[in-house]
Amino acid sequence: MEVYGITGICRSKLVYFHSIKLGKATLAVAPSPTVHTPDPTFQSAKILRAAAGRHFCAEPTGLPMRSISLFSSLFILATAAFTQTTIHGTVCSTKGDTLIGANIWLQGSYDGATSGIDGRFSFQTTATGSQTLLITCLGYDTFRQEITLAGYTLELQPRMRENTTALREVVISAGSFEAASDRRRAVVLSPIDIALTASATADIAGAITTLPGTTRNGESGQILVRGGAAYETRTFIDGLYVQNPYNSSVPNVPARNRFSPFLFKGTQFSTGGYSAEYGQALSSALILHTEDLAPETTTGLSLMSVGLGLAHTQRWERSSVSVSGSYSNLAPYFALVPQHIDWEAPPQSGGGELIYRQKTSDAGMFKLYSSVNRSWMELQYPDPFDPQVVEPLHLQADNVYTNLSYRDIWRDTWTVFIGGAYTWNRDRVESGFGNDARQQSGQLRLAMARPLSEKLELKFGGEYLHGQFDEQFRDSGNQRFNTLRRERYAAGFAETNWFVARKFVARLGLRSEYSALLGRANLAPRLSAAWVLGKNEQVAFAAGRFYQTPEYPLMRVNADLRFEQADHFMLNYQRIRNGYTFRVEGYYKTYGNLVKTDPESGRADNRGSGYARGVDVFFRDRRTIKNGDFWISYAYLDTRRDYLNFPGQAVPTFAAAHNASVVYKQWFPKWNTAFGATYAFQSPRPYHDPNRPGFNQGRTPAYHDLSVNASYLTNIGGQFTILYVSATNILGFNQVYGYQYDSAPDASGLLPRQAIRPPAKRFLFVGLFVNFGKRYRAEEVGVEGV
């Protein structure tokens with residue numbers, strides 16, 4: 001469930017429905033601007049944005065990582081860090097109460113932010129000289145102040161006067177972690193947080209796994225939430241479904257998320273109970289909102305231990321365009337660092353990106369993002385039925401993705417979003433068999449929102465998707481099989497936010513879907529509510545029904561199936577105050593109509609079922625340690641399910657009862673260096689041991705990982721340069737994800753087994769990032785000089 005509206009419900013009518021993201025980007029100021037040294041998170045954000053993104057990342061497993069194709073965002077953000085003015089502060093009422101969701105912006109520009117649940121805001125602008133700062137918050141008079149921008153950091157403490165119609169001060173938070181550099185409520189992770197989380201190596205999915213409710217899955221690298229399989233979490237970019245959010249891989253070799261965290265200004269991670277605006281996700285939704293105009297013209301070069309990249313961004317007054325290209329080759333790295341995998345051709349990848357933004361009006365924005373990528377690898381891969389025997393396996397993967405959208409405010413009342421996306425993906429595998437799988441989809445989406453009264457808001461819309469899955473399989477005897485499935489999917493939704501009282505808000509939603517492939521329709525109700533208990537603390541509740549079409553590979557033999565189904569129930573307590581965040585959430589989830597497969601015929605039906613229940617705890621402290629920031633998360637999970645070829649209900653192999661993470665970041669201003677460390681723990685996971693009676697009765701060793709990273713900022717040849725170093729599992733813990741068993745017994749009468757492990761115990765990365773035409777000046781980011 002996404003975080004929505006709150007204290008004083010500080011939203012101007014330009015930003016009534018943040019999930020449609022159509023209003024002005026906002027920001028905040030206060031009466032006497034002063035030069036200020038930013039908090040540690042802010043310092044790291046401004047000077048280390050360049051050292052983040054997927055720019056330095058091949059996965060610790062050695063997969064070809066398209067992350068390298070996104071190096072361009074490194075330089076866009078590095079430049080912004082040293083040429084922009086940073087404005088930040090806390091928005092309060094004249095009574096001293098912090099105001100959440102206040103919209104802050106520079107008049108006549110797109111630069112701005114929205115205050116978080118603790119009233120804090122922060123944003124950067126390239127504007128200079130005299131400017132007018134505006135702050136709007138529903139229930140309060142508009143705040144206006146003249147400020148002067150001269151490249152310094154401004155701390156502002158605006159005070160807003162409550163008007164006679166002030167009604168609301170509550171936010172729905174059950175089931176949602178939201179993060180953004182310039183938007184919304186309960187901020188938990190920002191793009192900088194993702195980039196500087198040591199164990200994540202700047203991968204969005206890797207950073208998300210440090211939050212409660214998730215389970216680490218080293219053999220796939222994907223997000224698993226509250227007992228749900230990886231396919232139950234869906235990714236949306238600007239409201240549009242992403243067909244292939246991860247790079248292509250082979251079983252037991254993990255993949256990474258395709259996208260750099262710095263493409264996005266908002267990251268909302270829903271662990272369940274999310275808005276009726278989104279569907280086709282049984283467990284979770286990762287909702288990403290892209291940046292608007294690039295800050296300014298810049299060029300950059302990336303030199304890394306795994307490849308190189310080149311990017312250029314051109315900024316005009318009302319538009320910007322970015323072009324980037326990259327190439328990665330892990331052969332040199334593998335030559336230095338021994339691998340458990342016998343690579344015939346180490347992972348390689350190449351690709352490019354185009355990003356275009358056009359400001360069409362004061363509130364209007366057109367966006368285009370397009371990427372193309374090819375990756376390939378060849379390795380000696382274990383036979384699934386006899387893992388002691390390996391055979392050459394070659395994978396070539398091609399992906400094309402395009403996303404375009406338009407948003408605006410019509411007649412000062414209607415918030416409008418129109419978008420479309422197209423994806424084409426092809427994975428070709430050659431071994432003793434051949435498999436050529438092509439999947440493509442095109443989609444259109446329309447969403448509109450408007451206030452009906454001071455207490456009632458309405459949001460509605462619809463979407464259409466045309467998809468196709470075409471798979472050609474050739475077995476070792478050269479016998480061929482073909483699967484062709486076409487989908488025409490349509491959905492509509494309506495949702496209201498009803499501010500029943502000043503401290504109570506309820507959201508009622510309804511979503512309907514139709515699948516031509518299944519020949520079925522569904523109706524999914526959603527309900528959530530929140531109550532304010534005191535200053536910056538509240539409880540929230542969410543419940544709803546969620547449907548998902550079975551995956552294409554499960555319909556190879558037959559498609560006469562039904563939607564899979566899950567019912568969510570959640571209760572949440574949250575408190576954010578004075579740099580501290582604490583939240584605890586209990587949940588219960590039931591599954592119905594899960595797909596079961598017959599091991600002999602391969603036919604599928606919907607006889608499966610299951611449940612998941614547990615408690616998630618999260619604590620973050622950005623105040624106690626000077627220039628430091630850390631968070632602790634813990635999740636308890638009890639789950640069982642009967643699906644696929646399970647003989648009955650059992651704990652799935654991807655589920656662990658206990659998951660915990662500690663993430664720490666520290667900025668050292670005298671050394672111009674940022675340091676990060678992450679410790680992760682996971683209790684033993686189940687696996688099936690055919691040498692013993694029962695099913696999934698074995699348990700792996702507990703999982704431990706300690707990872708670190710560091711970034712050093714300097715000038716080389718007069719050019720702003722960042723040196724970045726990271727290392728995962730520095731203590732060399734023995735990490736085992738499961739076991740593969742032979743189909744034939746050995747001399748002792750038992751089936752031999754082989755552990756599923758990472759390709760190497762550790763992954764080391766070194767990157768040098770140069771931003772041409774810019775110099776590093778510590779004083780410009782509020783820290784001491786070198």
# chains A, B, ... in the order shown; residues from 1 in each chain; ligands from 1

call {"tool": "residues_around", "arguments": {"residues": "Val400 in chain A", "least_positions_apart": "4", "cutoff": "9 Å", "atoms": "only C-alpha atoms", "output": "PyMOL selection string"}}
result
chain A and resi 370-373+422-425

call {"tool": "select_by_dssp", "arguments": {"residues": "range 285-419 of chain A", "states": "helix (DSSP H, G or I)", "output": "JSON list (two decimals) with all heavy atoms, in the first residue's frame"}}
result
[["chain", "number", "residue", "atom", "x", "y", "z"],
["A", 331, "ALA", "N", 36.05, -11.13, -18.28],
["A", 331, "ALA", "CA", 37.19, -12.02, -18.48],
["A", 331, "ALA", "C", 38.44, -11.55, -17.72],
["A", 331, "ALA", "O", 39.08, -12.36, -17.03],
["A", 331, "ALA", "CB", 37.49, -12.18, -19.97],
["A", 332, "PRO", "N", 38.84, -10.27, -17.79],
["A", 332, "PRO", "CA", 40.03, -9.85, -17.03],
["A", 332, "PRO", "C", 39.86, -10.06, -15.53],
["A", 332, "PRO", "O", 40.80, -10.47, -14.84],
["A", 332, "PRO", "CB", 40.16, -8.36, -17.39],
["A", 332, "PRO", "CG", 39.46, -8.22, -18.71],
["A", 332, "PRO", "CD", 38.33, -9.19, -18.64],
["A", 333, "TYR", "N", 38.66, -9.76, -15.01],
["A", 333, "TYR", "CA", 38.43, -9.93, -13.58],
["A", 333, "TYR", "C", 38.51, -11.40, -13.18],
["A", 333, "TYR", "O", 39.13, -11.76, -12.18],
["A", 333, "TYR", "CB", 37.06, -9.35, -13.22],
["A", 333, "TYR", "CG", 36.68, -9.57, -11.77],
["A", 333, "TYR", "CD1", 37.19, -8.74, -10.78],
["A", 333, "TYR", "CD2", 35.83, -10.61, -11.39],
["A", 333, "TYR", "CE1", 36.85, -8.93, -9.44],
["A", 333, "TYR", "CE2", 35.49, -10.81, -10.07],
["A", 333, "TYR", "CZ", 36.01, -9.97, -9.09],
["A", 333, "TYR", "OH", 35.67, -10.18, -7.77],
["A", 334, "PHE", "N", 37.89, -12.27, -13.98],
["A", 334, "PHE", "CA", 37.92, -13.70, -13.67],
["A", 334, "PHE", "C", 39.32, -14.28, -13.76],
["A", 334, "PHE", "O", 39.65, -15.27, -13.11],
["A", 334, "PHE", "CB", 36.98, -14.46, -14.60],
["A", 334, "PHE", "CG", 35.52, -14.22, -14.31],
["A", 334, "PHE", "CD1", 34.55, -14.67, -15.19],
["A", 334, "PHE", "CD2", 35.12, -13.55, -13.19],
["A", 334, "PHE", "CE1", 33.21, -14.47, -14.94],
["A", 334, "PHE", "CE2", 33.78, -13.32, -12.91],
["A", 334, "PHE", "CZ", 32.82, -13.77, -13.79],
["A", 335, "ALA", "N", 40.18, -13.67, -14.59],
["A", 335, "ALA", "CA", 41.56, -14.13, -14.70],
["A", 335, "ALA", "C", 42.33, -13.87, -13.41],
["A", 335, "ALA", "O", 43.30, -14.58, -13.09],
["A", 335, "ALA", "CB", 42.25, -13.45, -15.88],
["A", 336, "LEU", "N", 41.91, -12.85, -12.66],
["A", 336, "LEU", "CA", 42.58, -12.50, -11.41],
["A", 336, "LEU", "C", 41.93, -13.13, -10.19],
["A", 336, "LEU", "O", 42.62, -13.43, -9.21],
["A", 336, "LEU", "CB", 42.59, -10.97, -11.24],
["A", 336, "LEU", "CG", 43.36, -10.17, -12.30],
["A", 336, "LEU", "CD1", 43.14, -8.68, -12.08],
["A", 336, "LEU", "CD2", 44.84, -10.51, -12.26]]

call {"tool": "select_by_dssp", "arguments": {"residues": "range 331-543 of chain A", "states": "strand (DSSP E or B)", "output": "ChimeraX atom specification"}}
result
/A:343-359,365-383,386-410,414-430,434-451,456-474,480-501,504-515,520-534,537-543

call {"tool": "atom_distance", "arguments": {"atom1": "CA of Pro245 in chain A", "atom2": "CA of Leu288 in chain A"}}
result
11.6 Å

call {"tool": "closest_residue", "arguments": {"among": "A:Pro261, A:Gly544, A:Pro701, A:Gly350", "to": "Asp567 in chain A", "atoms": "only C-alpha atoms"}}
result
A:Gly544

call {"tool": "closest_residue", "arguments": {"among": "A:Leu713, A:Ala524, A:Ile418, A:Ile355", "to": "Asn771 in chain A", "atoms": "only C-alpha atoms"}}
result
A:Leu713

call {"tool": "closest_residue", "arguments": {"among": "A:Asp427, A:Val617, A:Asn399, A:Asn691", "to": "Ser661 in chain A", "atoms": "only C-alpha atoms"}}
result
A:Val617

call {"tool": "closest_residue", "arguments": {"among": "A:Thr210, A:Thr114, A:Thr549, A:Gln396", "to": "Ser375 in chain A", "atoms": "only C-alpha atoms"}}
result
A:Gln396

call {"tool": "closest_residue", "arguments": {"among": "A:Gly467, A:Gly364, A:Pro553, A:Gly227", "to": "Thr483 in chain A", "atoms": "only C-alpha atoms"}}
result
A:Pro553

call {"tool": "atom_distance", "arguments": {"atom1": "CA of Gly732 in chain A", "atom2": "CA of Val662 in chain A"}}
result
17.9 Å

call {"tool": "atom_distance", "arguments": {"atom1": "CA of Thr142 in chain A", "atom2": "CA of Ala501 in chain A"}}
result
22.3 Å

call {"tool": "closest_residue", "arguments": {"among": "A:Tyr489, A:Tyr140, A:Tyr703, A:Phe769", "to": "Gly738 in chain A", "atoms": "only C-alpha atoms"}}
result
A:Tyr703

call {"tool": "residues_around", "arguments": {"residues": "range 740-757 of chain A", "least_positions_apart": "4", "cutoff": "12 Å", "atoms": "only C-alpha atoms", "output": "PyMOL selection string"}}
result
chain A and resi 60-61+217-220+251-254+339-341+381-389+687-692+700-701+703+733-736+761-762

call {"tool": "write_last_selection", "arguments": {"atoms": "C-alpha atoms", "output": "short mmCIF file (atom, residue, chain, number, x, y, z; two decimals), in the first residue's frame"}}
result
data_model
loop_
_atom_site.label_atom_id
_atom_site.label_comp_id
_atom_site.auth_asym_id
_atom_site.auth_seq_id
_atom_site.Cartn_x
_atom_site.Cartn_y
_atom_site.Cartn_z
CA PRO A 60 29.09 -10.78 -7.35
CA THR A 61 28.25 -13.87 -9.34
CA ASN A 217 17.74 -15.27 -2.70
CA GLY A 218 21.37 -15.44 -3.78
CA GLU A 219 20.78 -17.99 -6.54
CA SER A 220 18.36 -15.70 -8.44
CA PRO A 251 19.28 -21.14 -13.00
CA ASN A 252 21.50 -20.69 -9.92
CA VAL A 253 23.41 -17.77 -11.47
CA PRO A 254 21.83 -14.56 -10.11
CA GLN A 339 35.65 -18.72 -9.79
CA HIS A 340 33.74 -21.86 -8.83
CA ILE A 341 32.23 -21.85 -12.32
CA TYR A 381 26.91 -26.06 -16.57
CA PRO A 382 25.88 -28.96 -14.30
CA ASP A 383 23.43 -31.47 -15.72
CA PRO A 384 20.14 -31.04 -13.74
CA PHE A 385 19.87 -34.82 -13.26
CA ASP A 386 23.58 -35.52 -12.74
CA PRO A 387 25.29 -32.38 -11.33
CA GLN A 388 28.66 -34.15 -11.26
CA VAL A 389 28.57 -34.00 -15.08
CA TYR A 687 15.72 -27.94 0.49
CA HIS A 688 14.52 -31.37 -0.61
CA ASP A 689 16.79 -34.26 0.35
CA PRO A 690 15.75 -37.39 -1.63
CA ASN A 691 17.91 -39.54 0.66
CA ARG A 692 15.53 -38.92 3.55
CA THR A 700 20.92 -25.16 4.48
CA PRO A 701 23.51 -23.52 6.74
CA TYR A 703 23.50 -17.21 5.65
CA PHE A 733 31.45 -16.84 4.94
CA ASN A 734 30.51 -20.18 3.41
CA GLN A 735 27.24 -19.34 1.62
CA VAL A 736 25.11 -22.28 0.46
CA LYS A 761 33.19 -16.21 -2.21
CA ARG A 762 33.78 -12.51 -2.72
#

call {"tool": "closest_atom_pairs", "arguments": {"of": "range 237-319 of chain A", "to": "range 442-466 of chain A", "cutoff": "9 Å", "atoms": "only C-alpha atoms", "output": "tab-separated table"}}
result
residue	atom	partner	partner_atom	distance
A:Gly239	CA	A:Arg445	CA	8.0
A:Leu240	CA	A:Arg445	CA	7.2
A:Tyr241	CA	A:Gln443	CA	8.1
A:Glu277	CA	A:Gly461	CA	7.7

call {"tool": "write_last_selection", "arguments": {"atoms": "N, CA, C and O atoms", "output": "PDB file, in the first residue's frame"}}
result
ATOM      1  N   GLY A 239       4.136   4.113 -13.617  1.00  0.00           N
ATOM      2  CA  GLY A 239       2.814   3.496 -13.696  1.00  0.00           C
ATOM      3  C   GLY A 239       2.683   2.385 -14.699  1.00  0.00           C
ATOM      4  O   GLY A 239       1.638   1.744 -14.779  1.00  0.00           O
ATOM      5  N   LEU A 240       3.737   2.101 -15.481  1.00  0.00           N
ATOM      6  CA  LEU A 240       3.670   1.115 -16.551  1.00  0.00           C
ATOM      7  C   LEU A 240       4.433  -0.149 -16.167  1.00  0.00           C
ATOM      8  O   LEU A 240       5.570  -0.092 -15.679  1.00  0.00           O
ATOM      9  N   TYR A 241       3.818  -1.288 -16.410  1.00  0.00           N
ATOM     10  CA  TYR A 241       4.385  -2.583 -16.057  1.00  0.00           C
ATOM     11  C   TYR A 241       5.667  -2.861 -16.844  1.00  0.00           C
ATOM     12  O   TYR A 241       5.746  -2.616 -18.040  1.00  0.00           O
ATOM     13  N   GLU A 277      -4.732   0.985  -8.160  1.00  0.00           N
ATOM     14  CA  GLU A 277      -4.166   1.489  -9.405  1.00  0.00           C
ATOM     15  C   GLU A 277      -3.247   0.451 -10.061  1.00  0.00           C
ATOM     16  O   GLU A 277      -3.027   0.478 -11.259  1.00  0.00           O
TER      17      GLU A 277
END

call {"tool": "residues_around", "arguments": {"residues": "Arg775 in chain A", "least_positions_apart": "4", "cutoff": "7 Å", "atoms": "only C-alpha atoms", "output": "PyMOL selection string"}}
result
chain A and resi 715+718-720

call {"tool": "write_last_selection", "arguments": {"atoms": "N, CA, C and O atoms", "output": "mmCIF file, in the first residue's frame"}}
result
data_model
loop_
_atom_site.group_PDB
_atom_site.id
_atom_site.type_symbol
_atom_site.label_atom_id
_atom_site.label_comp_id
_atom_site.auth_asym_id
_atom_site.auth_seq_id
_atom_site.Cartn_x
_atom_site.Cartn_y
_atom_site.Cartn_z
ATOM 1 N N ASN A 715 40.220 15.665 -7.649
ATOM 2 C CA ASN A 715 40.386 16.165 -9.011
ATOM 3 C C ASN A 715 41.622 15.525 -9.628
ATOM 4 O O ASN A 715 42.679 15.465 -8.991
ATOM 5 N N GLY A 718 42.545 18.332 -13.204
ATOM 6 C CA GLY A 718 41.560 19.401 -13.150
ATOM 7 C C GLY A 718 40.130 18.954 -13.376
ATOM 8 O O GLY A 718 39.228 19.792 -13.467
ATOM 9 N N GLN A 719 39.894 17.644 -13.465
ATOM 10 C CA GLN A 719 38.550 17.128 -13.715
ATOM 11 C C GLN A 719 38.025 16.420 -12.456
ATOM 12 O O GLN A 719 38.757 15.661 -11.810
ATOM 13 N N PHE A 720 36.760 16.649 -12.130
ATOM 14 C CA PHE A 720 36.147 16.024 -10.967
ATOM 15 C C PHE A 720 36.144 14.504 -11.141
ATOM 16 O O PHE A 720 35.664 13.978 -12.132
#

call {"tool": "decode", "arguments": {"residues": "range 446-457 of chain A", "atoms": "N, CA and C atoms", "output": "tab-separated table (two decimals), in the first residue's frame"}}
result
chain	number	residue	atom	x	y	z
A	446	LEU	N	-4.08	5.10	-19.02
A	446	LEU	CA	-4.66	6.41	-18.76
A	446	LEU	C	-5.13	6.47	-17.32
A	447	ALA	N	-4.78	7.55	-16.63
A	447	ALA	CA	-5.23	7.74	-15.26
A	447	ALA	C	-5.59	9.21	-15.05
A	448	MET	N	-6.66	9.45	-14.32
A	448	MET	CA	-7.11	10.81	-14.04
A	448	MET	C	-7.50	10.91	-12.57
A	449	ALA	N	-7.36	12.12	-12.02
A	449	ALA	CA	-7.69	12.33	-10.62
A	449	ALA	C	-8.17	13.75	-10.41
A	450	ARG	N	-9.03	13.92	-9.41
A	450	ARG	CA	-9.48	15.25	-9.04
A	450	ARG	C	-10.14	15.21	-7.67
A	451	PRO	N	-10.13	16.34	-6.95
A	451	PRO	CA	-10.86	16.42	-5.68
A	451	PRO	C	-12.34	16.63	-5.95
A	452	LEU	N	-13.18	15.94	-5.19
A	452	LEU	CA	-14.62	16.13	-5.28
A	452	LEU	C	-15.13	17.10	-4.23
A	453	SER	N	-14.42	17.15	-3.11
A	453	SER	CA	-14.75	18.07	-2.02
A	453	SER	C	-13.55	18.14	-1.10
A	454	GLU	N	-13.66	18.87	0.00
A	454	GLU	CA	-12.56	18.96	0.96
A	454	GLU	C	-12.27	17.61	1.60
A	455	LYS	N	-13.26	16.71	1.62
A	455	LYS	CA	-13.10	15.44	2.31
A	455	LYS	C	-13.01	14.24	1.38
A	456	LEU	N	-13.21	14.46	0.09
A	456	LEU	CA	-13.28	13.32	-0.81
A	456	LEU	C	-12.47	13.58	-2.07
A	457	GLU	N	-11.67	12.58	-2.46
A	457	GLU	CA	-10.87	12.66	-3.66
A	457	GLU	C	-11.09	11.41	-4.49
